[in-house]
Structures are given as structure tokens and as C-alpha cells.
Amino acid sequence: MTEVEFREFYGATAKPLKAYLSRITGNATLADDLLQESYYRMLRVDLPSMDPSQLKSYLYRTATNLARDHFRATKFQPAPLNEATAGEAASSDIGLSADIQQVLNEIKPNERQLVWLAYVEGASHREIAEMTGVKEASVRPLLFRAKQKLASILRERGLAVERSAR
Amino acid sequence: MTCPREQEVIHAVRSGQWAEGLRAHFAECEACSETAMVAGFMLQAAETAETAAPEAGFVWWKSQLRARREAAVRAEKPIIVAERAVAVAALLVGVWAAAWFSSESPALAVAAVGGLILAGLTAGSALLYAWSRK
Ligand SMILES: [Zn+2]
């Protein structure tokens with residue numbers, strides 16, 4: 001990959017990947033490290049020619065594996081919430097961002113990955129399988145369970161977001 | 001509970017565009033309403049997430065630097081292995097020579113061991129000097 005190609009690909013993927021890693025790890029600093037490591041690993045291997053969506057899949061898979069290794073090594077302890085976690089959000093949004101992270105921390109890291117890829121990235125089950133290394137047939141039941149868990153937490157906390165068709 | 005139209009609902013929540021038929025279905029379907037609630041929450045999580053990433057040029061430069069450093073370490077490995085192999089071989093030859101000389105004459109053995117120590121010290125200091133310059 002040339003520097004020009006890298007800059008273009010990075011421009012299109014870095015912010016969404018940073019958001020993904022920040023939310024699944026709950027730690028913006030760790031997310032930065034994992035992000036840089038993911039791009040480094042992508043650049044290091046001699047990849048066959050891929051279109052941008054395949055390359056994005058490869059990048060997310062690398063990032064997901066790195067996050068998983070981190071969770072295994074640390075027996076995942078959600079990071080304390082701070083301003084860095086809330087990121088660029090305006091100060092009035094920091095509380096909201098922290099509340100959201102607390103809800104996300106109540107489900108398992110692999111469940112966070114699945115719901116993020118399905119609902120934020122709009123990935124199909126096949127794409128989710130590619131990005132996470134989970135078998136395609138397992139994505140549906142795992143995603144269903146994660147969705148139900150999250151829905152029940154949202155109801156309990158009265159945090160159900162109104163973004164409906166009404 | 002699941003519904004075959006959930007994927008359409010996710011798409012509608014993400015785009016904010018609801019087809020009339022889907023809107024009517026959504027009002028009746030519990031699975032789709034749960035999906036929309038979770039999708040809405042996740043989108044809010046994305047909108048309020050930390051997205052500041054390092055500059056592309058910085059990441060590229062750091063990657064190049066690290067790749068070069070790792071390549072240099074890989075290139076040095078065979079040299080270090082060869083140096084150790086030579087040291088072990090010299091030691092074995094020395095032990096064998098000392099044993100042979102001592103069977104011939106004690107004076108020769110003393111001279112051989114003295115020579116070995118001298119050769120060892122010279123080789124050791126040469127290696128230390130070479131390593132210190134790396
Ligand atoms: Zn439905």
C-alpha cells in the first residue's frame with residue numbers, strides 16, 4: 001500500500017474505528033493504542049489486492065482480535081469513566097456519554113462488538129462473522145441474545161431512546 | 001422473538017428514512033420496536049463516542065519506522081547466532097586440544113591452556129567491542 005492509498009483509507013476508516021474501539025473498551029487511550037497497532041499490522045502484512053470494504057473488514061478483524069487479547073490479559077475491568085472517555089463531546093454531553101458507556105459495560109465485550117457492528121456499522125451477519133471471527137451461523141443467536149440483554153437494561157434504566165418511526 | 005424485517009428497521013433507524021409500509025409494520029411489531037430501540041441507543045453511543053484519531057501521516061511514519069527497526073533486529077539475529085556458534089566451537093576445539101596435549105606432555109598442556117586463555121580473552125574483548133559499537 002502506498003502512502004497516498006493509506007492516507008485515503010485511513011481518512012475513511014480511522015474515526016469510525018476509534019469510536020468502535022473507544023466504546024468496546026470504554027477507554028479512549030487504550031482505543032488509540034489499539035487503533036495504531038491495527039493499522040500497523042495491516043501495513044506490515046503483504047495483503048493480496050483487496051477492495052476498500054474487504055480491507056475494512058480485515059482492519060476491524062485485527063482491531064477486534066487485539067481488543068479481545070486485551071480483555072483476556074486484563075480479565076476485562078471496565079475503565080473508570082473520565083473526560084477522555086467522553087471524548088470530543090461538549091461538556092453537557094459528557095454525562096450522557098458516560099451513562100451510555102455504563103450501559104455498554106453491563107454487556108460482555110463480544111456482545112458490544114456484535115451490536116456495534118450490526119447497528120452502527122450496519123454490517124450483515126456474513127460481514128460480522130468476517131470481522132469478529134465468529135461462525136456466520138452463530139451470529140444470529142448471539143446478536144439476538146445481546147440485543148435482548150441491552151433492551152432489558154435500557155428498559156430497567158429508563159434509557160430507551162426514542163428514534164422510532166413516529 | 002425475531003422478525004424478518006428487522007434488517008429494514010435497522011437501515012431505517014440509521015438513515016432516518018421510513019417507508020410507509022415499514023412504518024405501519026413497525027407500529028404493530030414488538031421485535032422491530034425492540035430492534036429500533038437498541039439501534040437508536042447504539043447510534044447515540046456512536047455519536048457521543050471519542051473519535052479523535054492521530055494524523056494519518058503520523059501513523060504512516062510511525063509504522064515505517066517500526067517496520068525498519070524490526071527488520072534491523074531480524075537481520076541481526078543470524079549474526080548473533082553465528083557469533084555464539086563460533087564461540088561454542090572454539091571452546092570445544094580448545095578442550096579437545098588441551099586433552100590431546102596433556103596426553104603428549106604436561107608442559108605442552110600448560111602452554112596450550114595458557115594460549116587458550118589468551119585467545120579467549122582476545123576473542124571476548126573483540127566481541128564486546130563489536131557489540132558496544134552496534
Ligand atoms: Zn417486525
# chains A, B, ... in the order shown; residues from 1 in each chain; ligands from 1

call {"tool": "interface_residues", "arguments": {"of": "chain B", "to": "chain A", "cutoff": "8 Å", "atoms": "only C-alpha atoms", "output": "count of residues only"}}
result
34

call {"tool": "residues_near_ligand", "arguments": {"ligand": "ligand 1", "cutoff": "6 Å", "atoms": "only C-alpha atoms and all ligand atoms", "output": "list in words"}}
result
Cys3, Arg5, Glu6, Phe26, Cys29, Ala31 and Cys32 of chain B

call {"tool": "write_last_selection", "arguments": {"atoms": "N, CA, C and O atoms", "output": "mmCIF file, in the first residue's frame"}}
result
data_model
loop_
_atom_site.group_PDB
_atom_site.id
_atom_site.type_symbol
_atom_site.label_atom_id
_atom_site.label_comp_id
_atom_site.auth_asym_id
_atom_site.auth_seq_id
_atom_site.Cartn_x
_atom_site.Cartn_y
_atom_site.Cartn_z
ATOM 1 N N CYS B 3 -37.967 -10.981 13.787
ATOM 2 C CA CYS B 3 -38.851 -10.605 12.684
ATOM 3 C C CYS B 3 -37.997 -10.475 11.428
ATOM 4 O O CYS B 3 -36.885 -9.942 11.492
ATOM 5 N N ARG B 5 -38.172 -8.491 9.165
ATOM 6 C CA ARG B 5 -37.999 -7.101 8.686
ATOM 7 C C ARG B 5 -37.036 -6.284 9.562
ATOM 8 O O ARG B 5 -36.882 -5.084 9.349
ATOM 9 N N GLU B 6 -36.395 -6.949 10.523
ATOM 10 C CA GLU B 6 -35.518 -6.201 11.439
ATOM 11 C C GLU B 6 -34.391 -5.473 10.708
ATOM 12 O O GLU B 6 -34.021 -4.357 11.074
ATOM 13 N N PHE B 26 -43.987 -1.524 11.776
ATOM 14 C CA PHE B 26 -43.243 -1.193 12.990
ATOM 15 C C PHE B 26 -44.187 -0.942 14.171
ATOM 16 O O PHE B 26 -43.938 -1.377 15.290
ATOM 17 N N CYS B 29 -45.230 -4.384 15.446
ATOM 18 C CA CYS B 29 -44.271 -5.478 15.687
ATOM 19 C C CYS B 29 -43.372 -5.201 16.899
ATOM 20 O O CYS B 29 -42.617 -4.237 16.918
ATOM 21 N N ALA B 31 -40.849 -7.131 18.003
ATOM 22 C CA ALA B 31 -39.427 -7.404 17.711
ATOM 23 C C ALA B 31 -38.785 -6.192 17.051
ATOM 24 O O ALA B 31 -37.676 -5.783 17.409
ATOM 25 N N CYS B 32 -39.491 -5.601 16.098
ATOM 26 C CA CYS B 32 -38.925 -4.455 15.379
ATOM 27 C C CYS B 32 -38.823 -3.236 16.291
ATOM 28 O O CYS B 32 -37.888 -2.435 16.161
#

call {"tool": "atom_distance", "arguments": {"atom1": "atom CA of B:Lys62", "atom2": "atom CA of A:Gln113"}}
result
27.5 Å

call {"tool": "atom_distance", "arguments": {"atom1": "atom CA of B:Met1", "atom2": "atom CA of B:Glu30"}}
result
8.1 Å

call {"tool": "residues_around", "arguments": {"residues": "stretch 95-103 of chain B", "least_positions_apart": "5", "cutoff": "9 Å", "atoms": "only C-alpha atoms", "output": "list in words"}}
result
Ala90, Leu108, Ala109, Val110, Ala112, Val113 and Leu116 of chain B

call {"tool": "residues_around", "arguments": {"residues": "A:Phe71", "least_positions_apart": "2", "cutoff": "12 Å", "atoms": "only C-alpha atoms", "output": "list in words"}}
result
Ile24, Thr25, Gly26, Leu30, Thr64, Asn65, Leu66, Ala67, Arg68, Asp69, Ala73, Thr74, Lys75, Phe76, Gln77, Pro78, Ala79, Lys108, Pro109 and Asn110 of chain A

call {"tool": "atom_distance", "arguments": {"atom1": "atom CA of B:Ala72", "atom2": "atom CA of A:Val45"}}
result
16.9 Å

call {"tool": "select_by_dssp", "arguments": {"residues": "chain B", "states": "alpha helix (DSSP H)", "output": "ChimeraX atom specification"}}
result
/B:6-15,20-28,30-47,56-104,106-132

call {"tool": "closest_residue", "arguments": {"among": "A:Ile153, A:Leu59, A:Leu114, A:Met1", "to": "A:Pro141", "atoms": "only C-alpha atoms"}}
result
A:Leu114
